[in-house]
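Q: For reference, this is structure.txt, and it has compact mmCIF, C-alpha atoms.
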```txt
# COMPACT_ATOMS: atom_id res chain seq x y z
CA MET I 554 0.00 0.00 0.00
CA LYS I 555 1.00 3.59 -0.63
CA HIS I 556 0.73 5.78 2.47
CA PHE I 557 1.05 9.54 2.20
CA THR I 558 1.12 11.63 5.37
CA ARG I 559 0.39 15.35 5.65
CA LYS I 560 4.10 16.16 5.51
CA GLU I 561 4.66 14.13 2.35
CA PHE I 562 1.99 16.04 0.42
CA GLY I 563 4.13 19.12 0.92
CA GLU I 564 7.09 17.39 -0.69
CA LEU I 565 5.25 16.58 -3.92
CA GLY I 566 5.50 18.78 -7.00
CA LYS I 567 2.62 21.21 -7.47
CA ILE I 568 0.97 19.40 -10.40
CA GLU I 569 1.43 15.93 -8.90
CA ARG I 570 -0.11 17.11 -5.61
CA ALA I 571 -3.01 18.81 -7.38
CA ASN I 572 -3.73 15.64 -9.36
CA LEU I 573 -3.46 13.41 -6.30
CA ILE I 574 -5.69 15.49 -4.03
CA ASN I 575 -8.19 16.11 -6.81
CA SER I 576 -8.47 12.32 -7.24
CA ILE I 577 -9.34 11.34 -3.71
CA SER I 578 -12.85 12.68 -3.25
CA GLY I 579 -13.99 9.96 -5.69
CA TYR I 580 -16.00 10.41 -8.88
CA LYS I 581 -17.38 13.88 -9.47
CA SER I 582 -20.26 15.33 -11.45
CA ALA I 583 -19.51 17.02 -14.78
CA ASN I 584 -21.37 20.28 -15.22
CA LEU I 585 -21.04 23.35 -17.41
CA ILE I 586 -21.96 26.63 -15.75
CA GLY I 587 -23.35 29.22 -18.17
CA THR I 588 -23.40 32.93 -17.39
CA ILE I 589 -23.72 36.32 -19.05
CA SER I 590 -22.24 39.68 -18.05
CA GLU I 591 -24.01 43.02 -17.74
CA ILE I 592 -22.79 43.87 -21.24
CA LYS I 593 -24.18 40.57 -22.63
CA GLN I 594 -20.86 38.70 -22.94
CA THR I 595 -21.55 34.99 -22.39
CA ASN I 596 -19.25 32.59 -20.54
CA LEU I 597 -19.19 28.82 -20.08
CA ALA I 598 -16.98 26.84 -17.69
CA ILE I 599 -16.78 23.23 -16.54
CA PHE I 600 -17.08 22.49 -12.82
CA SER I 601 -16.72 19.19 -10.99
CA SER I 602 -17.73 20.53 -7.57
CA VAL I 603 -21.50 20.94 -7.92
CA VAL I 604 -23.03 19.58 -4.72
CA HIS I 605 -26.56 19.00 -3.42
CA ILE I 606 -27.38 21.44 -0.61
CA GLY I 607 -31.07 20.75 -0.07
CA ALA I 608 -34.35 19.76 -1.72
CA ASN I 609 -36.74 22.17 -0.01
CA PRO I 610 -35.94 24.89 -0.92
CA PRO I 611 -34.21 23.34 -3.96
CA LEU I 612 -30.55 24.38 -3.66
CA LEU I 613 -27.27 23.48 -5.38
CA GLY I 614 -23.79 24.67 -4.45
CA PHE I 615 -20.41 24.72 -6.13
CA ILE I 616 -16.91 25.68 -5.03
CA MET I 617 -15.37 28.77 -6.62
CA ARG I 618 -11.59 29.06 -6.48
CA PRO I 619 -10.10 32.24 -4.96
CA VAL I 620 -11.25 35.37 -6.77
CA ALA I 621 -8.76 37.95 -5.47
CA GLU I 622 -5.84 37.50 -7.87
CA VAL I 623 -7.31 35.82 -10.94
CA GLU I 624 -10.25 36.90 -13.12
CA ARG I 625 -13.16 34.54 -12.49
CA HIS I 626 -15.65 35.30 -15.24
CA THR I 627 -18.27 32.85 -13.95
CA TYR I 628 -18.20 34.45 -10.49
CA GLU I 629 -18.21 38.01 -11.78
CA ASN I 630 -21.14 37.35 -14.10
CA ILE I 631 -23.18 35.67 -11.37
CA LYS I 632 -22.59 38.63 -9.07
CA GLN I 633 -23.50 41.08 -11.84
CA THR I 634 -26.72 39.46 -13.03
CA GLY I 635 -27.81 37.15 -10.21
CA PHE I 636 -28.52 34.20 -12.53
CA TYR I 637 -26.68 31.20 -13.97
CA THR I 638 -27.27 27.81 -15.50
CA ILE I 639 -25.92 24.35 -14.67
CA ASN I 640 -25.89 21.96 -17.64
CA HIS I 641 -24.93 18.27 -17.51
CA VAL I 642 -22.08 16.97 -19.68
CA HIS I 643 -22.70 13.91 -21.88
CA GLU I 644 -20.39 11.50 -23.67
CA SER I 645 -21.03 13.22 -27.01
CA PHE I 646 -19.30 16.46 -25.99
CA VAL I 647 -16.80 15.73 -23.19
CA GLU I 648 -13.83 17.12 -25.12
CA LYS I 649 -15.59 20.41 -25.87
CA ALA I 650 -16.67 20.65 -22.23
CA HIS I 651 -13.12 20.00 -21.00
CA TYR I 652 -11.61 22.82 -23.05
CA THR I 653 -13.93 25.42 -21.53
CA SER I 654 -11.41 25.31 -18.65
CA ALA I 655 -8.71 27.09 -20.69
CA LYS I 656 -8.11 30.71 -19.67
CA PHE I 657 -9.79 32.59 -22.49
CA ASP I 658 -9.95 36.38 -22.45
CA ARG I 659 -13.10 37.87 -21.03
CA GLN I 660 -14.41 38.92 -24.44
CA VAL I 661 -14.07 35.37 -25.83
CA SER I 662 -17.12 33.18 -25.25
CA GLU I 663 -16.38 29.52 -24.54
CA PHE I 664 -19.68 28.72 -26.26
CA MET I 665 -18.12 29.92 -29.52
CA VAL I 666 -14.55 28.60 -29.24
CA CYS I 667 -15.68 25.21 -27.89
CA ALA I 668 -18.52 24.92 -30.44
CA LEU I 669 -21.36 24.60 -27.95
CA THR I 670 -24.76 26.20 -28.53
CA GLU I 671 -26.08 29.15 -26.52
CA GLU I 672 -29.74 28.62 -25.77
CA PHE I 673 -31.81 31.38 -24.20
CA HIS I 674 -35.18 30.84 -22.57
CA ALA I 675 -37.90 33.46 -22.11
CA ASP I 676 -37.58 35.49 -18.90
CA PHE I 677 -34.24 33.95 -17.91
CA ALA I 678 -31.05 35.95 -18.36
CA ALA I 679 -28.34 33.28 -18.36
CA PRO I 680 -27.55 31.00 -21.34
CA PHE I 681 -28.20 27.26 -21.28
CA VAL I 682 -26.16 24.72 -23.28
CA GLY I 683 -28.20 23.50 -26.25
CA GLU I 684 -26.39 20.14 -26.38
CA SER I 685 -27.14 19.34 -22.73
CA HIS I 686 -30.13 17.10 -21.92
CA ILE I 687 -30.38 18.20 -18.28
CA LYS I 688 -30.44 21.97 -17.82
CA ILE I 689 -30.96 23.90 -14.63
CA GLY I 690 -31.64 27.63 -14.30
CA LEU I 691 -30.59 29.08 -10.93
CA LYS I 692 -30.94 32.32 -9.05
CA PHE I 693 -27.91 33.24 -6.96
CA ALA I 694 -28.83 32.82 -3.28
CA GLU I 695 -25.75 33.09 -1.08
CA GLU I 696 -21.96 33.08 -1.20
CA ILE I 697 -20.11 31.65 1.75
CA PRO I 698 -16.40 32.43 2.14
CA ILE I 699 -14.25 29.43 3.07
CA LYS I 700 -11.56 31.23 5.03
CA ILE I 701 -9.11 28.38 5.31
CA ASN I 702 -8.11 28.64 1.62
CA ASN I 703 -10.08 31.63 0.26
CA THR I 704 -12.41 29.55 -1.87
CA ILE I 705 -16.14 30.32 -1.92
CA LEU I 706 -19.21 28.11 -1.68
CA VAL I 707 -21.71 29.61 -4.14
CA ILE I 708 -25.32 28.55 -3.58
CA GLY I 709 -28.20 29.00 -5.97
CA GLU I 710 -31.90 28.25 -5.85
CA ILE I 711 -33.33 26.26 -8.73
CA GLU I 712 -35.85 28.23 -10.77
CA HIS I 713 -36.02 25.99 -13.85
CA LEU I 714 -35.29 22.31 -14.46
CA ILE I 715 -35.54 20.99 -18.00
CA PHE I 716 -34.88 17.40 -19.10
CA PRO I 717 -36.30 14.67 -21.35
CA GLU I 718 -39.63 13.31 -20.17
CA ASN I 719 -38.48 9.69 -20.62
CA ALA I 720 -35.65 10.14 -18.11
CA LEU I 721 -38.10 10.78 -15.24
CA LEU I 722 -38.79 7.67 -13.15
CA GLN I 723 -42.00 7.13 -11.18
CA ASN I 724 -40.35 7.80 -7.81
CA GLY I 725 -39.06 11.20 -8.95
CA ASN I 726 -35.51 10.05 -9.73
CA ILE I 727 -33.94 11.12 -13.01
CA ASP I 728 -32.23 8.26 -14.88
CA LEU I 729 -28.85 9.83 -15.66
CA ASN I 730 -27.73 6.75 -17.61
CA THR I 731 -30.46 7.41 -20.23
CA VAL I 732 -28.92 10.75 -21.16
CA GLU I 733 -25.33 9.43 -21.11
CA ASP I 734 -24.12 11.71 -18.34
CA VAL I 735 -20.40 11.35 -17.64
CA CYS I 736 -18.48 11.72 -14.42
CA ILE I 737 -14.99 13.08 -13.75
CA SER I 738 -12.00 11.92 -11.76
CA SER I 739 -9.14 14.23 -10.89
CA LEU I 740 -8.92 17.22 -13.26
CA ASP I 741 -8.70 15.56 -16.66
CA THR I 742 -10.33 12.12 -16.79
CA TYR I 743 -13.88 11.41 -17.97
CA HIS I 744 -15.92 8.24 -17.47
CA SER I 745 -19.12 6.63 -18.67
CA VAL I 746 -21.44 5.18 -16.09
CA THR I 747 -23.55 2.01 -15.83
CA LYS I 748 -26.23 1.37 -13.22
CA ILE I 749 -25.50 -1.68 -11.05
CA ALA I 750 -28.04 -1.47 -8.22
CA ALA I 751 -30.84 0.51 -6.59
CA PHE I 752 -31.80 -0.19 -2.99
CA PRO I 753 -34.88 0.65 -0.88
CA PHE I 754 -34.77 3.53 1.58
CA ALA I 755 -32.62 2.08 4.38
CA ARG I 756 -34.42 1.36 7.65
CA THR I 757 -33.31 -0.64 10.65
CA SER I 758 -36.40 -2.78 9.99
CA ASN I 759 -35.45 -3.77 6.43
CA LEU I 760 -31.77 -4.51 6.98
CA PRO I 761 -30.63 -7.46 4.83
CA GLU I 762 -28.74 -10.31 6.49
CA PHE I 763 -25.10 -9.55 5.74
CA ASP I 764 -22.39 -12.20 5.99
CA MET N 868 -39.20 17.94 -22.62
CA LYS N 869 -40.23 18.09 -18.98
CA HIS N 870 -39.99 21.59 -17.51
CA PHE N 871 -40.31 22.14 -13.77
CA THR N 872 -40.42 25.68 -12.41
CA ARG N 873 -39.72 26.76 -8.83
CA LYS N 874 -43.43 26.79 -8.04
CA GLU N 875 -43.96 23.25 -9.35
CA PHE N 876 -41.29 21.78 -7.04
CA GLY N 877 -43.47 22.92 -4.14
CA GLU N 878 -46.41 20.95 -5.52
CA LEU N 879 -44.55 17.63 -5.60
CA GLY N 880 -44.79 15.09 -2.79
CA LYS N 881 -41.92 15.18 -0.30
CA ILE N 882 -40.24 11.95 -1.44
CA GLU N 883 -40.68 12.66 -5.14
CA ARG N 884 -39.18 16.14 -4.69
CA ALA N 885 -36.28 14.80 -2.63
CA ASN N 886 -35.52 12.19 -5.30
CA LEU N 887 -35.80 14.69 -8.14
CA ILE N 888 -33.60 17.38 -6.59
CA ASN N 889 -31.08 14.81 -5.35
CA SER N 890 -30.77 13.57 -8.98
CA ILE N 891 -29.92 16.82 -10.68
CA SER N 892 -26.42 17.59 -9.45
CA GLY N 893 -25.24 14.62 -11.58
CA TYR N 894 -23.22 11.61 -10.44
CA LYS N 895 -21.85 11.80 -6.91
CA SER N 896 -18.99 10.20 -5.05
CA ALA N 897 -19.73 7.29 -2.69
CA ASN N 898 -17.88 7.59 0.60
CA LEU N 899 -18.22 6.10 4.07
CA ILE N 900 -17.35 8.44 6.92
CA GLY N 901 -15.96 6.64 9.96
CA THR N 902 -15.94 8.20 13.43
CA ILE N 903 -15.64 7.32 17.09
CA SER N 904 -17.15 9.00 20.14
CA GLU N 905 -15.40 10.04 23.36
CA ILE N 906 -16.62 6.79 24.93
CA LYS N 907 -15.20 4.72 22.02
CA GLN N 908 -18.50 4.00 20.24
CA THR N 909 -17.77 3.75 16.50
CA ASN N 910 -20.07 5.02 13.74
CA LEU N 911 -20.11 4.67 9.96
CA ALA N 912 -22.31 6.56 7.50
CA ILE N 913 -22.49 6.89 3.73
CA PHE N 914 -22.20 10.37 2.21
CA SER N 915 -22.55 11.45 -1.42
CA SER N 916 -21.57 15.08 -0.83
CA VAL N 917 -17.80 14.85 -0.33
CA VAL N 918 -16.28 17.70 -2.34
CA HIS N 919 -12.75 18.88 -3.16
CA ILE N 920 -11.98 22.15 -1.38
CA GLY N 921 -8.29 22.56 -2.14
CA ALA N 922 -4.99 20.76 -2.75
CA ASN N 923 -2.62 22.96 -0.73
CA PRO N 924 -3.45 22.65 2.12
CA PRO N 925 -5.14 19.34 1.24
CA LEU N 926 -8.82 19.83 2.16
CA LEU N 927 -12.06 17.93 1.64
CA GLY N 928 -15.55 19.07 2.58
CA PHE N 929 -18.93 17.41 2.97
CA ILE N 930 -22.45 18.66 3.65
CA MET N 931 -23.99 17.76 7.00
CA ARG N 932 -27.79 17.92 7.24
CA PRO N 933 -29.32 20.09 10.00
CA VAL N 934 -28.18 19.00 13.45
CA ALA N 935 -30.70 20.80 15.66
CA GLU N 936 -33.61 18.34 15.71
CA VAL N 937 -32.10 14.99 14.75
CA GLU N 938 -29.15 13.12 16.28
CA ARG N 939 -26.23 13.23 13.88
CA HIS N 940 -23.72 10.75 15.22
CA THR N 941 -21.09 11.51 12.58
CA TYR N 942 -21.20 15.21 13.40
CA GLU N 943 -21.21 14.73 17.14
CA ASN N 944 -18.26 12.35 17.02
CA ILE N 945 -16.22 14.67 14.80
CA LYS N 946 -16.85 17.55 17.19
CA GLN N 947 -15.95 15.36 20.19
CA THR N 948 -12.70 13.89 18.89
CA GLY N 949 -11.59 16.15 16.03
CA PHE N 950 -10.85 13.26 13.65
CA TYR N 951 -12.69 11.20 11.03
CA THR N 952 -12.04 8.97 8.04
CA ILE N 953 -13.36 9.03 4.47
CA ASN N 954 -13.36 5.61 2.78
CA HIS N 955 -14.28 4.94 -0.85
CA VAL N 956 -17.12 2.52 -1.68
CA HIS N 957 -16.48 -0.26 -4.19
CA GLU N 958 -18.75 -2.56 -6.17
CA SER N 959 -18.10 -5.44 -3.78
CA PHE N 960 -19.86 -3.77 -0.83
CA VAL N 961 -22.36 -1.21 -2.17
CA GLU N 962 -25.34 -2.81 -0.42
CA LYS N 963 -23.60 -2.83 2.97
CA ALA N 964 -22.54 0.78 2.43
CA HIS N 965 -26.11 1.82 1.51
CA TYR N 966 -27.62 0.41 4.69
CA THR N 967 -25.32 2.47 6.92
CA SER N 968 -27.86 5.24 6.17
CA ALA N 969 -30.55 3.61 8.33
CA LYS N 970 -31.18 5.37 11.65
CA PHE N 971 -29.52 3.04 14.10
CA ASP N 972 -29.38 3.90 17.79
CA ARG N 973 -26.26 5.63 18.98
CA GLN N 974 -24.93 2.52 20.73
CA VAL N 975 -25.24 0.41 17.56
CA SER N 976 -22.17 0.54 15.31
CA GLU N 977 -22.91 0.43 11.58
CA PHE N 978 -19.58 -1.39 11.21
CA MET N 979 -21.13 -4.33 13.04
CA VAL N 980 -24.68 -4.36 11.69
CA CYS N 981 -23.54 -3.77 8.10
CA ALA N 982 -20.67 -6.30 8.39
CA LEU N 983 -17.84 -3.91 7.55
CA THR N 984 -14.46 -4.11 9.26
CA GLU N 985 -13.18 -1.52 11.72
CA GLU N 986 -9.52 -0.86 11.05
CA PHE N 987 -7.49 1.29 13.43
CA HIS N 988 -4.10 2.77 12.57
CA ALA N 989 -1.43 3.81 15.03
CA ASP N 990 -1.77 7.37 16.33
CA PHE N 991 -5.10 8.00 14.59
CA ALA N 992 -8.30 7.96 16.63
CA ALA N 993 -10.99 7.36 14.00
CA PRO N 994 -11.76 3.97 12.42
CA PHE N 995 -11.08 3.22 8.76
CA VAL N 996 -13.08 0.70 6.69
CA GLY N 997 -11.00 -2.42 6.14
CA GLU N 998 -12.80 -3.30 2.88
CA SER N 999 -12.06 0.09 1.32
CA HIS N 1000 -9.07 0.42 -1.02
CA ILE N 1001 -8.84 4.22 -0.72
CA LYS N 1002 -8.81 5.47 2.87
CA ILE N 1003 -8.33 9.01 4.06
CA GLY N 1004 -7.69 10.14 7.64
CA LEU N 1005 -8.76 13.73 8.32
CA LYS N 1006 -8.44 16.28 11.07
CA PHE N 1007 -11.50 18.49 11.52
CA ALA N 1008 -10.60 22.00 10.33
CA GLU N 1009 -13.70 24.18 10.10
CA GLU N 1010 -17.49 24.03 10.07
CA ILE N 1011 -19.34 26.59 8.03
CA PRO N 1012 -23.06 27.12 8.69
CA ILE N 1013 -25.19 27.36 5.55
CA LYS N 1014 -27.90 29.64 6.86
CA ILE N 1015 -30.33 29.28 4.01
CA ASN N 1016 -31.30 25.72 5.05
CA ASN N 1017 -29.37 25.06 8.28
CA THR N 1018 -26.99 22.55 6.71
CA ILE N 1019 -23.27 22.70 7.51
CA LEU N 1020 -20.18 22.47 5.32
CA VAL N 1021 -17.69 20.42 7.33
CA ILE N 1022 -14.07 20.78 6.21
CA GLY N 1023 -11.17 18.55 7.16
CA GLU N 1024 -7.48 18.54 6.43
CA ILE N 1025 -6.01 15.30 5.11
CA GLU N 1026 -3.49 13.74 7.48
CA HIS N 1027 -3.29 10.26 5.96
CA LEU N 1028 -3.98 8.87 2.50
CA ILE N 1029 -3.69 5.13 1.97
CA PHE N 1030 -4.33 3.28 -1.31
CA PRO N 1031 -2.87 0.50 -3.48
CA GLU N 1032 0.46 1.41 -5.04
CA ASN N 1033 -0.65 0.16 -8.48
CA ALA N 1034 -3.52 2.70 -8.61
CA LEU N 1035 -1.08 5.66 -8.58
CA LEU N 1036 -0.38 7.03 -12.06
CA GLN N 1037 2.81 8.86 -13.00
CA ASN N 1038 1.15 12.28 -13.07
CA GLY N 1039 -0.17 11.90 -9.51
CA ASN N 1040 -3.71 10.85 -10.49
CA ILE N 1041 -5.26 7.87 -8.75
CA ASP N 1042 -6.93 5.42 -11.15
CA LEU N 1043 -10.32 4.97 -9.48
CA ASN N 1044 -11.41 2.38 -12.08
CA THR N 1045 -8.67 0.01 -10.85
CA VAL N 1046 -10.23 -0.21 -7.39
CA GLU N 1047 -13.82 -0.46 -8.72
CA ASP N 1048 -15.05 2.72 -7.09
CA VAL N 1049 -18.76 3.30 -7.62
CA CYS N 1050 -20.71 6.51 -7.97
CA ILE N 1051 -24.21 7.43 -6.80
CA SER N 1052 -27.21 9.11 -8.37
CA SER N 1053 -30.09 10.42 -6.31
CA LEU N 1054 -30.32 8.75 -2.89
CA ASP N 1055 -30.51 5.07 -3.80
CA THR N 1056 -28.85 4.21 -7.11
CA TYR N 1057 -25.29 2.94 -7.53
CA HIS N 1058 -23.22 2.76 -10.71
CA SER N 1059 -20.01 1.26 -12.01
CA VAL N 1060 -17.69 3.51 -13.96
CA THR N 1061 -15.54 3.09 -17.09
CA LYS N 1062 -12.89 5.53 -18.28
CA ILE N 1063 -13.61 6.99 -21.72
CA ALA N 1064 -11.08 9.82 -22.10
CA ALA N 1065 -8.30 11.86 -20.51
CA PHE N 1066 -7.36 15.22 -21.95
CA PRO N 1067 -4.31 17.48 -21.57
CA PHE N 1068 -4.46 20.51 -19.28
CA ALA N 1069 -6.62 22.91 -21.32
CA ARG N 1070 -4.84 25.96 -22.70
CA THR N 1071 -5.93 28.46 -25.32
CA SER N 1072 -2.82 27.38 -27.25
CA ASN N 1073 -3.75 23.68 -27.45
CA LEU N 1074 -7.44 24.03 -28.32
CA PRO N 1075 -8.52 21.29 -30.74
CA GLU N 1076 -10.41 22.31 -33.89
CA PHE N 1077 -14.03 21.69 -33.01
CA ASP N 1078 -16.73 21.36 -35.69
```
As structure tokens, please, write out the structure in this file.

A:
Amino acid sequence: MKHFTRKEFGELGKIERANLINSISGYKSANLIGTISEIKQTNLAIFSSVVHIGANPPLLGFIMRPVAEVERHTYENIKQTGFYTINHVHESFVEKAHYTSAKFDRQVSEFMVCALTEEFHADFAAPFVGESHIKIGLKFAEEIPIKINNTILVIGEIEHLIFPENALLQNGNIDLNTVEDVCISSLDTYHSVTKIAAFPFARTSNLPEFD
Amino acid sequence: MKHFTRKEFGELGKIERANLINSISGYKSANLIGTISEIKQTNLAIFSSVVHIGANPPLLGFIMRPVAEVERHTYENIKQTGFYTINHVHESFVEKAHYTSAKFDRQVSEFMVCALTEEFHADFAAPFVGESHIKIGLKFAEEIPIKINNTILVIGEIEHLIFPENALLQNGNIDLNTVEDVCISSLDTYHSVTKIAAFPFARTSNLPEFD
């Protein structure tokens, strides 16, 4: 077995450490966040940190890297307009989605350079991704500073949720396999996903007999 | 296409809404959090909200549901001892991992009732999961209240990282496919994962020609 201690992380090279630590949370969701600035410049960026915050009210969060020294177009646009979209990434466009992470100038839209389609809906400011089968329109709700490393937890409330009718199961679950959602490991690796099991709501009264 | 608006979420039944909103962040990591109380009672619970916070210092977060009205053994133990473990879930024990979410009494250890092995390491208080191939020992660093719905972002600093030598790639990535890590959708569905692509660090200078 390989055993790294806290001290040994510090001895790794910067890229090796970033790859290692980014690997260990397990598989991550693959989402494109779409925004628009006050002067109608669109932006699109891939995030692997979207996290469920709560169902009622319906809230999603994501982690924004420090904003003090580097331009963060997604963050700036959300603060300017108050709205953004989260769009799932599918097998058919993983490479395009990945390259939205390059540092393009503010006036360059990742929609254009990565050949993804801006899709606007009535009464909603931020652009959705036309190629995405699961699209979420959010209103900015709260930003929470994470002091320990200057990142920010950005939370939004879901105002719109759009997806194919046939992906909705009777119990309210969405079948993500149907739309060929991918997941991410580390910063650069993309995976397809195959359902292996679904279990009942766990209760002490329905516990299976384990070996 | 199915289109839910904010108002329509409120009209859904509680379980249907929970399933729907828990589906839409995309695929989630599957991790077991191991803790021990001051009086040496162990606890194990599955979480799908573990999220990368930063690589330097090495930090992971997870979302804790509201602690005011319901006993949260994981939370209480972390606050009592200051240490916890995060252990990846593999295909071989997904069902056992799932049933750790049942509401067992405080004096019942999920390690025992779900037939998973407590593994203690020298100089580290919290129990690891013997069956897990990727095990992380963390020191509690910070808890951040999320006021909008009374959840808590719990952040820990990684003190130990233990995994099979052959899963470590040259660039520092861990190959999660090698150890048969699973991912989760919604609250009850587990998936196996297959690598489809890895891309270079995205730069404006290495952008592929997209159609």

Q: Can you list, as a PDB file with C-alpha atoms, in the coordinates of the input, every protein, DNA or RNA residue that comes within 8 Å of Thr948 (chain N) when you count all atoms listed in the file, leaving out same-chain residues fewer than 4 positions away?

A:
```
ATOM      1  CA  ILE N 903     -15.640   7.320  17.090  1.00  0.00           C
ATOM      2  CA  SER N 904     -17.150   9.000  20.140  1.00  0.00           C
ATOM      3  CA  GLU N 905     -15.400  10.040  23.360  1.00  0.00           C
ATOM      4  CA  ASN N 944     -18.260  12.350  17.020  1.00  0.00           C
ATOM      5  CA  ALA N 992      -8.300   7.960  16.630  1.00  0.00           C
TER       6      ALA N 992
END
```

Q: N:Phe950, N:Phe1007, N:Tyr942, N:Tyr1057: which is nearest Leu927 (chain N), counting only C-alpha atoms?

A: N:Phe1007

Q: Considering all atoms listed in the file, can you say which of I:Ala650, I:Ala675, I:Ile631, I:Val603 comes closest to Ser582 (chain I)?

A: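 Using all atoms listed in the file, Ser582 (chain I) sits closest to I:Val603.
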
Q: The centre and edge lengths of an axis-aligned box containing all atoms of region 596-600 of chain I present in the file, extended by 3 Å on each side, are to be given in Å to one decimal, as JSON.

A:
```
{"center_x": -18.0, "center_y": 27.5, "center_z": -16.7, "size_x": 8.5, "size_y": 16.1, "size_z": 13.7}
```

Q: Given all atoms listed in the file as the basis, pick out the residue of I:Tyr637, I:Tyr580, I:Phe754, I:Phe615 nearest to Ser915 (chain N).

A: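 The answer is I:Tyr580, which sits nearest to Ser915 (chain N).
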
Q: Counting all atoms listed in the file, which residues come within 12 Å of (-34.3, 19.2, -9.4), with the point read in the file's coordinates, and could you list them as a PyMOL selection string?

A: (chain I and resi 605-613+639+687-691+710-716+721+725-727) or (chain N and resi 869-877+879+883-893+1053)

Q: Which one of N:Lys1006, N:Met868, N:His988, N:Ser959 sits closest to chain I if you count only C-alpha atoms?

A: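 Selected residue with least distance to chain I: N:Met868.
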
Q: Nearest to Val735 (chain I) among I:Glu684, I:Glu672, I:Glu564, I:Glu644, with distances taken over only C-alpha atoms: which residue is it?

A: I:Glu644

Q: Please provide as a list in words all residues within 12 Å of region 1074-1077 of chain N, with the sequence filter that same-chain residues fewer than 2 positions apart are discarded (counting only C-alpha atoms).

A: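 Returned residues: Phe646, Val647, Glu648, Lys649, Ala650, His651, Tyr652, Thr653, Ser654, Ala655, Lys656, Phe657, Glu663, Phe664, Met665, Val666, Cys667, Ala668 and Leu669 of chain I; Phe1066, Pro1067, Phe1068, Ala1069, Arg1070, Thr1071 and Ser1072 of chain N.
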
Q: Which residue is closest to Glu624 (chain I)? Choose from I:Lys593, I:Arg659, I:Lys567, I:His643 and count all atoms listed in the file.

A: I:Arg659

Q: Determine, counting only C-alpha atoms, which protein, DNA and RNA residues have an atom within 8 Å of an atom of Ile930 (chain N); residues of the same chain fewer than 6 positions away are not included. Present the result as a PyMOL selection string.

A: (chain I and resi 606) or (chain N and resi 916-917+1018-1021)

Q: Please, what distance in Å, to one decimal, runs between CA of Thr747 (chain I) and CA of His686 (chain I)?

A: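 We find that CA of Thr747 (chain I) and CA of His686 (chain I) lie 17.6 Å from each other.
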
Q: Could you state the separation of CA of Thr941 (chain N) and CA of Asn954 (chain N) in Å, given to one decimal place?

A: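 These two atoms are separated by 13.8 Å.
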
Q: To one decimal in Å, tell me the separation between CA of Ser1059 (chain N) and CA of His744 (chain I).

A: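 Between these atoms lies a distance of 9.8 Å.
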
Q: Contacts of Leu585 (chain I) at 7 Å or less, counting only C-alpha atoms, minus same-chain residues fewer than 2 places along, as number ranges by chain?

A: I: 587, 597-600, 639-642
